[in-house]
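Shown below: start_27.pdb, with PDB, N, CA and C atoms, pLDDT in the B column.
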ATOM      1  N   MET A1030      -1.023  17.102 -12.834  1.00 68.00           N
ATOM      2  CA  MET A1030      -0.369  16.629 -14.037  1.00 68.00           C
ATOM      3  C   MET A1030      -0.118  17.803 -14.953  1.00 68.00           C
ATOM      4  N   ALA A1031       1.106  18.107 -15.214  1.00 64.00           N
ATOM      5  CA  ALA A1031       1.474  19.216 -16.091  1.00 64.00           C
ATOM      6  C   ALA A1031       0.841  20.522 -15.615  1.00 64.00           C
ATOM      7  N   GLY A1032       0.667  20.668 -14.297  1.00 72.00           N
ATOM      8  CA  GLY A1032       0.090  21.885 -13.753  1.00 72.00           C
ATOM      9  C   GLY A1032      -1.424  21.963 -13.856  1.00 72.00           C
ATOM     10  N   ARG A1033      -2.062  20.887 -14.285  1.00 76.00           N
ATOM     11  CA  ARG A1033      -3.520  20.856 -14.416  1.00 76.00           C
ATOM     12  C   ARG A1033      -4.095  19.921 -13.358  1.00 76.00           C
ATOM     13  N   ALA A1034      -5.344  20.187 -12.954  1.00 80.00           N
ATOM     14  CA  ALA A1034      -6.008  19.284 -12.014  1.00 80.00           C
ATOM     15  C   ALA A1034      -6.209  17.937 -12.701  1.00 80.00           C
ATOM     16  N   ALA A1035      -5.884  16.868 -12.004  1.00 83.00           N
ATOM     17  CA  ALA A1035      -5.989  15.540 -12.607  1.00 83.00           C
ATOM     18  C   ALA A1035      -6.139  14.477 -11.530  1.00 83.00           C
ATOM     19  N   VAL A1036      -6.673  13.362 -11.955  1.00 90.00           N
ATOM     20  CA  VAL A1036      -6.742  12.160 -11.127  1.00 90.00           C
ATOM     21  C   VAL A1036      -6.124  11.053 -11.948  1.00 90.00           C
ATOM     22  N   ARG A1037      -5.194  10.321 -11.353  1.00 90.00           N
ATOM     23  CA  ARG A1037      -4.516   9.250 -12.082  1.00 90.00           C
ATOM     24  C   ARG A1037      -4.560   7.982 -11.243  1.00 90.00           C
ATOM     25  N   THR A1038      -4.787   6.875 -11.918  1.00 92.00           N
ATOM     26  CA  THR A1038      -4.697   5.589 -11.242  1.00 92.00           C
ATOM     27  C   THR A1038      -3.887   4.658 -12.125  1.00 92.00           C
ATOM     28  N   GLU A1039      -3.144   3.786 -11.495  1.00 92.00           N
ATOM     29  CA  GLU A1039      -2.315   2.833 -12.229  1.00 92.00           C
ATOM     30  C   GLU A1039      -2.640   1.435 -11.753  1.00 92.00           C
ATOM     31  N   VAL A1040      -2.755   0.527 -12.707  1.00 93.00           N
ATOM     32  CA  VAL A1040      -3.071  -0.866 -12.391  1.00 93.00           C
ATOM     33  C   VAL A1040      -2.134  -1.784 -13.160  1.00 93.00           C
ATOM     34  N   GLU A1041      -2.035  -2.994 -12.667  1.00 93.00           N
ATOM     35  CA  GLU A1041      -1.213  -4.009 -13.309  1.00 93.00           C
ATOM     36  C   GLU A1041      -2.071  -5.249 -13.486  1.00 93.00           C
ATOM     37  N   ASP A1042      -1.906  -5.937 -14.607  1.00 91.00           N
ATOM     38  CA  ASP A1042      -2.714  -7.135 -14.826  1.00 91.00           C
ATOM     39  C   ASP A1042      -2.292  -8.244 -13.862  1.00 91.00           C
ATOM     40  N   ALA A1043      -3.139  -9.270 -13.728  1.00 90.00           N
ATOM     41  CA  ALA A1043      -2.915 -10.338 -12.742  1.00 90.00           C
ATOM     42  C   ALA A1043      -1.559 -11.019 -12.887  1.00 90.00           C
ATOM     43  N   PRO A1044      -1.106 -11.350 -14.104  1.00 91.00           N
ATOM     44  CA  PRO A1044       0.216 -11.984 -14.219  1.00 91.00           C
ATOM     45  C   PRO A1044       1.382 -11.018 -13.987  1.00 91.00           C
ATOM     46  N   GLY A1045       1.095  -9.719 -13.875  1.00 90.00           N
ATOM     47  CA  GLY A1045       2.160  -8.746 -13.641  1.00 90.00           C
ATOM     48  C   GLY A1045       2.970  -8.417 -14.869  1.00 90.00           C
ATOM     49  N   GLN A1046       2.387  -8.607 -16.049  1.00 93.00           N
ATOM     50  CA  GLN A1046       3.125  -8.365 -17.286  1.00 93.00           C
ATOM     51  C   GLN A1046       2.811  -7.017 -17.926  1.00 93.00           C
ATOM     52  N   ARG A1047       1.629  -6.461 -17.673  1.00 93.00           N
ATOM     53  CA  ARG A1047       1.225  -5.222 -18.333  1.00 93.00           C
ATOM     54  C   ARG A1047       0.761  -4.212 -17.287  1.00 93.00           C
ATOM     55  N   ALA A1048       1.208  -2.992 -17.441  1.00 93.00           N
ATOM     56  CA  ALA A1048       0.784  -1.893 -16.570  1.00 93.00           C
ATOM     57  C   ALA A1048      -0.076  -0.939 -17.394  1.00 93.00           C
ATOM     58  N   GLU A1049      -1.145  -0.464 -16.791  1.00 93.00           N
ATOM     59  CA  GLU A1049      -2.014   0.506 -17.439  1.00 93.00           C
ATOM     60  C   GLU A1049      -2.185   1.703 -16.524  1.00 93.00           C
ATOM     61  N   SER A1050      -2.311   2.856 -17.135  1.00 91.00           N
ATOM     62  CA  SER A1050      -2.524   4.089 -16.392  1.00 91.00           C
ATOM     63  C   SER A1050      -3.730   4.794 -16.993  1.00 91.00           C
ATOM     64  N   PHE A1051      -4.588   5.288 -16.133  1.00 93.00           N
ATOM     65  CA  PHE A1051      -5.750   6.055 -16.552  1.00 93.00           C
ATOM     66  C   PHE A1051      -5.656   7.411 -15.864  1.00 93.00           C
ATOM     67  N   ALA A1052      -5.768   8.469 -16.639  1.00 91.00           N
ATOM     68  CA  ALA A1052      -5.725   9.815 -16.077  1.00 91.00           C
ATOM     69  C   ALA A1052      -6.917  10.596 -16.602  1.00 91.00           C
ATOM     70  N   VAL A1053      -7.584  11.302 -15.703  1.00 93.00           N
ATOM     71  CA  VAL A1053      -8.653  12.226 -16.072  1.00 93.00           C
ATOM     72  C   VAL A1053      -8.076  13.613 -15.802  1.00 93.00           C
ATOM     73  N   LEU A1054      -7.943  14.384 -16.865  1.00 91.00           N
ATOM     74  CA  LEU A1054      -7.273  15.672 -16.821  1.00 91.00           C
ATOM     75  C   LEU A1054      -8.271  16.787 -17.078  1.00 91.00           C
ATOM     76  N   GLU A1055      -8.299  17.782 -16.195  1.00 90.00           N
ATOM     77  CA  GLU A1055      -9.175  18.926 -16.399  1.00 90.00           C
ATOM     78  C   GLU A1055      -8.550  19.831 -17.454  1.00 90.00           C
ATOM     79  N   ILE A1056      -9.360  20.207 -18.475  1.00 88.00           N
ATOM     80  CA  ILE A1056      -8.870  21.076 -19.535  1.00 88.00           C
ATOM     81  C   ILE A1056      -9.818  22.269 -19.675  1.00 88.00           C
ATOM     82  N   PRO A1057      -9.367  23.338 -20.338  1.00 87.00           N
ATOM     83  CA  PRO A1057     -10.194  24.540 -20.460  1.00 87.00           C
ATOM     84  C   PRO A1057     -11.568  24.254 -21.062  1.00 87.00           C
ATOM     85  N   GLY A1058     -12.508  25.129 -20.757  1.00 87.00           N
ATOM     86  CA  GLY A1058     -13.854  24.999 -21.293  1.00 87.00           C
ATOM     87  C   GLY A1058     -14.721  24.058 -20.499  1.00 87.00           C
ATOM     88  N   ASP A1059     -14.381  23.857 -19.219  1.00 86.00           N
ATOM     89  CA  ASP A1059     -15.140  22.934 -18.366  1.00 86.00           C
ATOM     90  C   ASP A1059     -15.233  21.545 -18.982  1.00 86.00           C
ATOM     91  N   ARG A1060     -14.137  21.072 -19.524  1.00 90.00           N
ATOM     92  CA  ARG A1060     -14.068  19.750 -20.149  1.00 90.00           C
ATOM     93  C   ARG A1060     -13.034  18.896 -19.421  1.00 90.00           C
ATOM     94  N   VAL A1061     -13.070  17.613 -19.686  1.00 91.00           N
ATOM     95  CA  VAL A1061     -12.054  16.697 -19.173  1.00 91.00           C
ATOM     96  C   VAL A1061     -11.536  15.850 -20.326  1.00 91.00           C
ATOM     97  N   MET A1062     -10.321  15.372 -20.172  1.00 92.00           N
ATOM     98  CA  MET A1062      -9.712  14.490 -21.152  1.00 92.00           C
ATOM     99  C   MET A1062      -9.324  13.209 -20.434  1.00 92.00           C
ATOM    100  N   LEU A1063      -9.702  12.076 -20.988  1.00 94.00           N
ATOM    101  CA  LEU A1063      -9.307  10.785 -20.436  1.00 94.00           C
ATOM    102  C   LEU A1063      -8.111  10.295 -21.235  1.00 94.00           C
ATOM    103  N   ILE A1064      -7.047   9.964 -20.525  1.00 91.00           N
ATOM    104  CA  ILE A1064      -5.830   9.480 -21.168  1.00 91.00           C
ATOM    105  C   ILE A1064      -5.548   8.081 -20.637  1.00 91.00           C
ATOM    106  N   HIS A1065      -5.346   7.156 -21.553  1.00 92.00           N
ATOM    107  CA  HIS A1065      -5.099   5.759 -21.194  1.00 92.00           C
ATOM    108  C   HIS A1065      -3.762   5.342 -21.796  1.00 92.00           C
ATOM    109  N   THR A1066      -2.900   4.779 -20.975  1.00 89.00           N
ATOM    110  CA  THR A1066      -1.616   4.280 -21.476  1.00 89.00           C
ATOM    111  C   THR A1066      -1.433   2.834 -21.049  1.00 89.00           C
ATOM    112  N   MET A1067      -0.654   2.100 -21.842  1.00 91.00           N
ATOM    113  CA  MET A1067      -0.287   0.711 -21.514  1.00 91.00           C
ATOM    114  C   MET A1067       1.200   0.537 -21.807  1.00 91.00           C
ATOM    115  N   SER A1068       1.861  -0.240 -20.990  1.00 90.00           N
ATOM    116  CA  SER A1068       3.264  -0.565 -21.219  1.00 90.00           C
ATOM    117  C   SER A1068       3.573  -1.879 -20.510  1.00 90.00           C
ATOM    118  N   PRO A1069       4.698  -2.498 -20.862  1.00 92.00           N
ATOM    119  CA  PRO A1069       5.113  -3.661 -20.080  1.00 92.00           C
ATOM    120  C   PRO A1069       5.307  -3.229 -18.628  1.00 92.00           C
ATOM    121  N   ALA A1070       4.888  -4.051 -17.697  1.00 90.00           N
ATOM    122  CA  ALA A1070       4.956  -3.700 -16.279  1.00 90.00           C
ATOM    123  C   ALA A1070       6.379  -3.353 -15.849  1.00 90.00           C
ATOM    124  N   GLU A1071       7.350  -4.084 -16.329  1.00 90.00           N
ATOM    125  CA  GLU A1071       8.725  -3.841 -15.901  1.00 90.00           C
ATOM    126  C   GLU A1071       9.280  -2.515 -16.425  1.00 90.00           C
ATOM    127  N   GLY A1072       8.652  -1.922 -17.430  1.00 85.00           N
ATOM    128  CA  GLY A1072       9.145  -0.662 -17.975  1.00 85.00           C
ATOM    129  C   GLY A1072       8.268   0.533 -17.675  1.00 85.00           C
ATOM    130  N   SER A1073       7.224   0.346 -16.876  1.00 85.00           N
ATOM    131  CA  SER A1073       6.269   1.447 -16.672  1.00 85.00           C
ATOM    132  C   SER A1073       6.912   2.666 -16.010  1.00 85.00           C
ATOM    133  N   ASP A1074       7.841   2.468 -15.089  1.00 86.00           N
ATOM    134  CA  ASP A1074       8.506   3.606 -14.449  1.00 86.00           C
ATOM    135  C   ASP A1074       9.338   4.401 -15.453  1.00 86.00           C
ATOM    136  N   ALA A1075       9.900   3.721 -16.444  1.00 88.00           N
ATOM    137  CA  ALA A1075      10.698   4.402 -17.463  1.00 88.00           C
ATOM    138  C   ALA A1075       9.825   5.229 -18.403  1.00 88.00           C
ATOM    139  N   TRP A1076       8.603   4.787 -18.644  1.00 85.00           N
ATOM    140  CA  TRP A1076       7.705   5.502 -19.553  1.00 85.00           C
ATOM    141  C   TRP A1076       7.048   6.715 -18.904  1.00 85.00           C
ATOM    142  N   ARG A1077       6.889   6.723 -17.591  1.00 84.00           N
ATOM    143  CA  ARG A1077       6.142   7.790 -16.912  1.00 84.00           C
ATOM    144  C   ARG A1077       6.692   9.193 -17.200  1.00 84.00           C
ATOM    145  N   PRO A1078       8.006   9.445 -17.119  1.00 88.00           N
ATOM    146  CA  PRO A1078       8.506  10.798 -17.414  1.00 88.00           C
ATOM    147  C   PRO A1078       8.221  11.218 -18.866  1.00 88.00           C
ATOM    148  N   TRP A1079       8.326  10.279 -19.787  1.00 87.00           N
ATOM    149  CA  TRP A1079       8.037  10.585 -21.195  1.00 87.00           C
ATOM    150  C   TRP A1079       6.569  10.965 -21.339  1.00 87.00           C
ATOM    151  N   PHE A1080       5.701  10.201 -20.715  1.00 84.00           N
ATOM    152  CA  PHE A1080       4.271  10.467 -20.786  1.00 84.00           C
ATOM    153  C   PHE A1080       3.943  11.833 -20.176  1.00 84.00           C
ATOM    154  N   ASP A1081       4.490  12.126 -19.009  1.00 85.00           N
ATOM    155  CA  ASP A1081       4.224  13.403 -18.357  1.00 85.00           C
ATOM    156  C   ASP A1081       4.720  14.572 -19.211  1.00 85.00           C
ATOM    157  N   ALA A1082       5.857  14.413 -19.872  1.00 89.00           N
ATOM    158  CA  ALA A1082       6.372  15.460 -20.763  1.00 89.00           C
ATOM    159  C   ALA A1082       5.452  15.648 -21.964  1.00 89.00           C
ATOM    160  N   MET A1083       4.913  14.564 -22.485  1.00 88.00           N
ATOM    161  CA  MET A1083       3.999  14.651 -23.619  1.00 88.00           C
ATOM    162  C   MET A1083       2.733  15.411 -23.223  1.00 88.00           C
ATOM    163  N   VAL A1084       2.183  15.120 -22.058  1.00 85.00           N
ATOM    164  CA  VAL A1084       0.985  15.814 -21.589  1.00 85.00           C
ATOM    165  C   VAL A1084       1.300  17.295 -21.372  1.00 85.00           C
ATOM    166  N   ALA A1085       2.454  17.603 -20.816  1.00 85.00           N
ATOM    167  CA  ALA A1085       2.834  18.992 -20.573  1.00 85.00           C
ATOM    168  C   ALA A1085       2.962  19.782 -21.874  1.00 85.00           C
ATOM    169  N   SER A1086       3.264  19.097 -22.976  1.00 89.00           N
ATOM    170  CA  SER A1086       3.461  19.791 -24.249  1.00 89.00           C
ATOM    171  C   SER A1086       2.148  20.054 -24.994  1.00 89.00           C
ATOM    172  N   LEU A1087       1.039  19.500 -24.521  1.00 87.00           N
ATOM    173  CA  LEU A1087      -0.236  19.709 -25.206  1.00 87.00           C
ATOM    174  C   LEU A1087      -0.660  21.169 -25.130  1.00 87.00           C
ATOM    175  N   HIS A1088      -1.142  21.694 -26.242  1.00 86.00           N
ATOM    176  CA  HIS A1088      -1.689  23.050 -26.268  1.00 86.00           C
ATOM    177  C   HIS A1088      -3.201  22.925 -26.217  1.00 86.00           C
ATOM    178  N   LEU A1089      -3.781  23.221 -25.077  1.00 84.00           N
ATOM    179  CA  LEU A1089      -5.218  23.098 -24.880  1.00 84.00           C
ATOM    180  C   LEU A1089      -5.807  24.485 -24.694  1.00 84.00           C
ATOM    181  N   TRP A1090      -6.906  24.754 -25.348  1.00 84.00           N
ATOM    182  CA  TRP A1090      -7.526  26.061 -25.267  1.00 84.00           C
ATOM    183  C   TRP A1090      -9.005  25.944 -24.985  1.00 84.00           C
ATOM    184  N   ASP A1091      -9.577  27.058 -24.545  1.00 85.00           N
ATOM    185  CA  ASP A1091     -10.998  27.125 -24.242  1.00 85.00           C
ATOM    186  C   ASP A1091     -11.746  27.439 -25.540  1.00 85.00           C
ATOM    187  N   PRO A1092     -12.608  26.550 -25.995  1.00 84.00           N
ATOM    188  CA  PRO A1092     -13.306  26.771 -27.259  1.00 84.00           C
ATOM    189  C   PRO A1092     -14.283  27.942 -27.209  1.00 84.00           C
ATOM    190  N   ASP A1093     -14.627  28.406 -26.019  1.00 84.00           N
ATOM    191  CA  ASP A1093     -15.556  29.512 -25.878  1.00 84.00           C
ATOM    192  C   ASP A1093     -14.875  30.873 -25.867  1.00 84.00           C
ATOM    193  N   LYS A1094     -13.551  30.867 -25.915  1.00 83.00           N
ATOM    194  CA  LYS A1094     -12.810  32.128 -25.904  1.00 83.00           C
ATOM    195  C   LYS A1094     -12.028  32.248 -27.211  1.00 83.00           C
ATOM    196  N   PRO A1095     -12.095  33.439 -27.829  1.00 74.00           N
ATOM    197  CA  PRO A1095     -11.367  33.613 -29.119  1.00 74.00           C
ATOM    198  C   PRO A1095      -9.871  33.585 -28.961  1.00 74.00           C
TER     199      PRO A1095
END
Just give me the structure as structure tokens.
Amino acid sequence: MAGRAAVRTEVEDAPGQRAESFAVLEIPGDRVMLIHTMSPAEGSDAWRPWFDAMVASLHLWDPDKP
């Protein structure tokens, strides 16, 4: 995800109306970030590129390095 090590899973609720995505993203400083998104199930494919672009734009740094 955005060039970082990540694990992502996507689920849909039983009626098929809501899609959720959970991503665990490795970030500097031996830390991880959990990202949770929700959208209408029928629009989840449309939201994915926007979400991936948002994650790619994050400026993450190692707190142990000046």
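Atom pair atom N of Thr1066 in chain A / atom N of Met1083 in chain A: separated by 12.6 Å.
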- Sel. of strand (DSSP E or B) residues, range 1031-1093 of chain A, as a list in words: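 Filtering range 1031-1093 of chain A to strand (DSSP E or B) leaves Ala1035, Val1036, Arg1037, Thr1038, Glu1039, Val1040, Glu1041, Arg1047, Ala1048, Glu1049, Ser1050, Phe1051, Ala1052, Val1053, Leu1054, Glu1055, Ile1056, Arg1060, Val1061, Met1062, Leu1063, Ile1064, His1065, Thr1066, Met1067, Ser1068 and Pro1069 of chain A.
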- Task: Find the residues near range 1036-1042 of chain A: any atom within 9 Å, counting only C-alpha atoms, skip ones fewer than 5 places away on the same chain, and give them as an MDAnalysis selection string.
- Result: chainID A and resid 1030 1047:1055 1070
Writer output for current selection, N, CA and C atoms, as a PDB file, in the frame of the given file:
ATOM      1  N   MET A1030      -1.023  17.102 -12.834  1.00 68.00           N
ATOM      2  CA  MET A1030      -0.369  16.629 -14.037  1.00 68.00           C
ATOM      3  C   MET A1030      -0.118  17.803 -14.953  1.00 68.00           C
ATOM      4  N   ARG A1047       1.629  -6.461 -17.673  1.00 93.00           N
ATOM      5  CA  ARG A1047       1.225  -5.222 -18.333  1.00 93.00           C
ATOM      6  C   ARG A1047       0.761  -4.212 -17.287  1.00 93.00           C
ATOM      7  N   ALA A1048       1.208  -2.992 -17.441  1.00 93.00           N
ATOM      8  CA  ALA A1048       0.784  -1.893 -16.570  1.00 93.00           C
ATOM      9  C   ALA A1048      -0.076  -0.939 -17.394  1.00 93.00           C
ATOM     10  N   GLU A1049      -1.145  -0.464 -16.791  1.00 93.00           N
ATOM     11  CA  GLU A1049      -2.014   0.506 -17.439  1.00 93.00           C
ATOM     12  C   GLU A1049      -2.185   1.703 -16.524  1.00 93.00           C
ATOM     13  N   SER A1050      -2.311   2.856 -17.135  1.00 91.00           N
ATOM     14  CA  SER A1050      -2.524   4.089 -16.392  1.00 91.00           C
ATOM     15  C   SER A1050      -3.730   4.794 -16.993  1.00 91.00           C
ATOM     16  N   PHE A1051      -4.588   5.288 -16.133  1.00 93.00           N
ATOM     17  CA  PHE A1051      -5.750   6.055 -16.552  1.00 93.00           C
ATOM     18  C   PHE A1051      -5.656   7.411 -15.864  1.00 93.00           C
ATOM     19  N   ALA A1052      -5.768   8.469 -16.639  1.00 91.00           N
ATOM     20  CA  ALA A1052      -5.725   9.815 -16.077  1.00 91.00           C
ATOM     21  C   ALA A1052      -6.917  10.596 -16.602  1.00 91.00           C
ATOM     22  N   VAL A1053      -7.584  11.302 -15.703  1.00 93.00           N
ATOM     23  CA  VAL A1053      -8.653  12.226 -16.072  1.00 93.00           C
ATOM     24  C   VAL A1053      -8.076  13.613 -15.802  1.00 93.00           C
ATOM     25  N   LEU A1054      -7.943  14.384 -16.865  1.00 91.00           N
ATOM     26  CA  LEU A1054      -7.273  15.672 -16.821  1.00 91.00           C
ATOM     27  C   LEU A1054      -8.271  16.787 -17.078  1.00 91.00           C
ATOM     28  N   GLU A1055      -8.299  17.782 -16.195  1.00 90.00           N
ATOM     29  CA  GLU A1055      -9.175  18.926 -16.399  1.00 90.00           C
ATOM     30  C   GLU A1055      -8.550  19.831 -17.454  1.00 90.00           C
ATOM     31  N   ALA A1070       4.888  -4.051 -17.697  1.00 90.00           N
ATOM     32  CA  ALA A1070       4.956  -3.700 -16.279  1.00 90.00           C
ATOM     33  C   ALA A1070       6.379  -3.353 -15.849  1.00 90.00           C
TER      34      ALA A1070
END
- Smallest atom-to-atom distance to Gly1032 in chain A: which of A:Asp1091, A:Phe1080, A:Met1067, A:Ile1056, using only C-alpha atoms?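 The closest residue to Gly1032 in chain A is A:Ile1056.
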- Which of these, A:Gly1045, A:Pro1057, A:Leu1087, A:Ala1034, has the shortest distance to Pro1069 in chain A once you count all atoms listed in the file? A:Gly1045
- Query: Hey, can you check how far atom N of Pro1095 in chain A sits from atom C of Gly1058 in chain A?
  - Reply: 12.2 Å
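In this structure, atom C of Val1084 in chain A sits 26.5 Å away from atom N of Gln1046 in chain A.
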- Determine which residues of chain A DSSP labels as alpha helix (DSSP H) from the backbone of this structure, then write them out as a count of residues only. 13
Edge lengths and centre, in Å to one decimal, as JSON: that's what I need for the box along x, y and z that holds all listed atoms of range 1063-1072 of chain A plus 8 Å on each side.
{"center_x": -0.2, "center_y": 4.0, "center_z": -18.8, "size_x": 35.0, "size_y": 32.2, "size_z": 22.0}
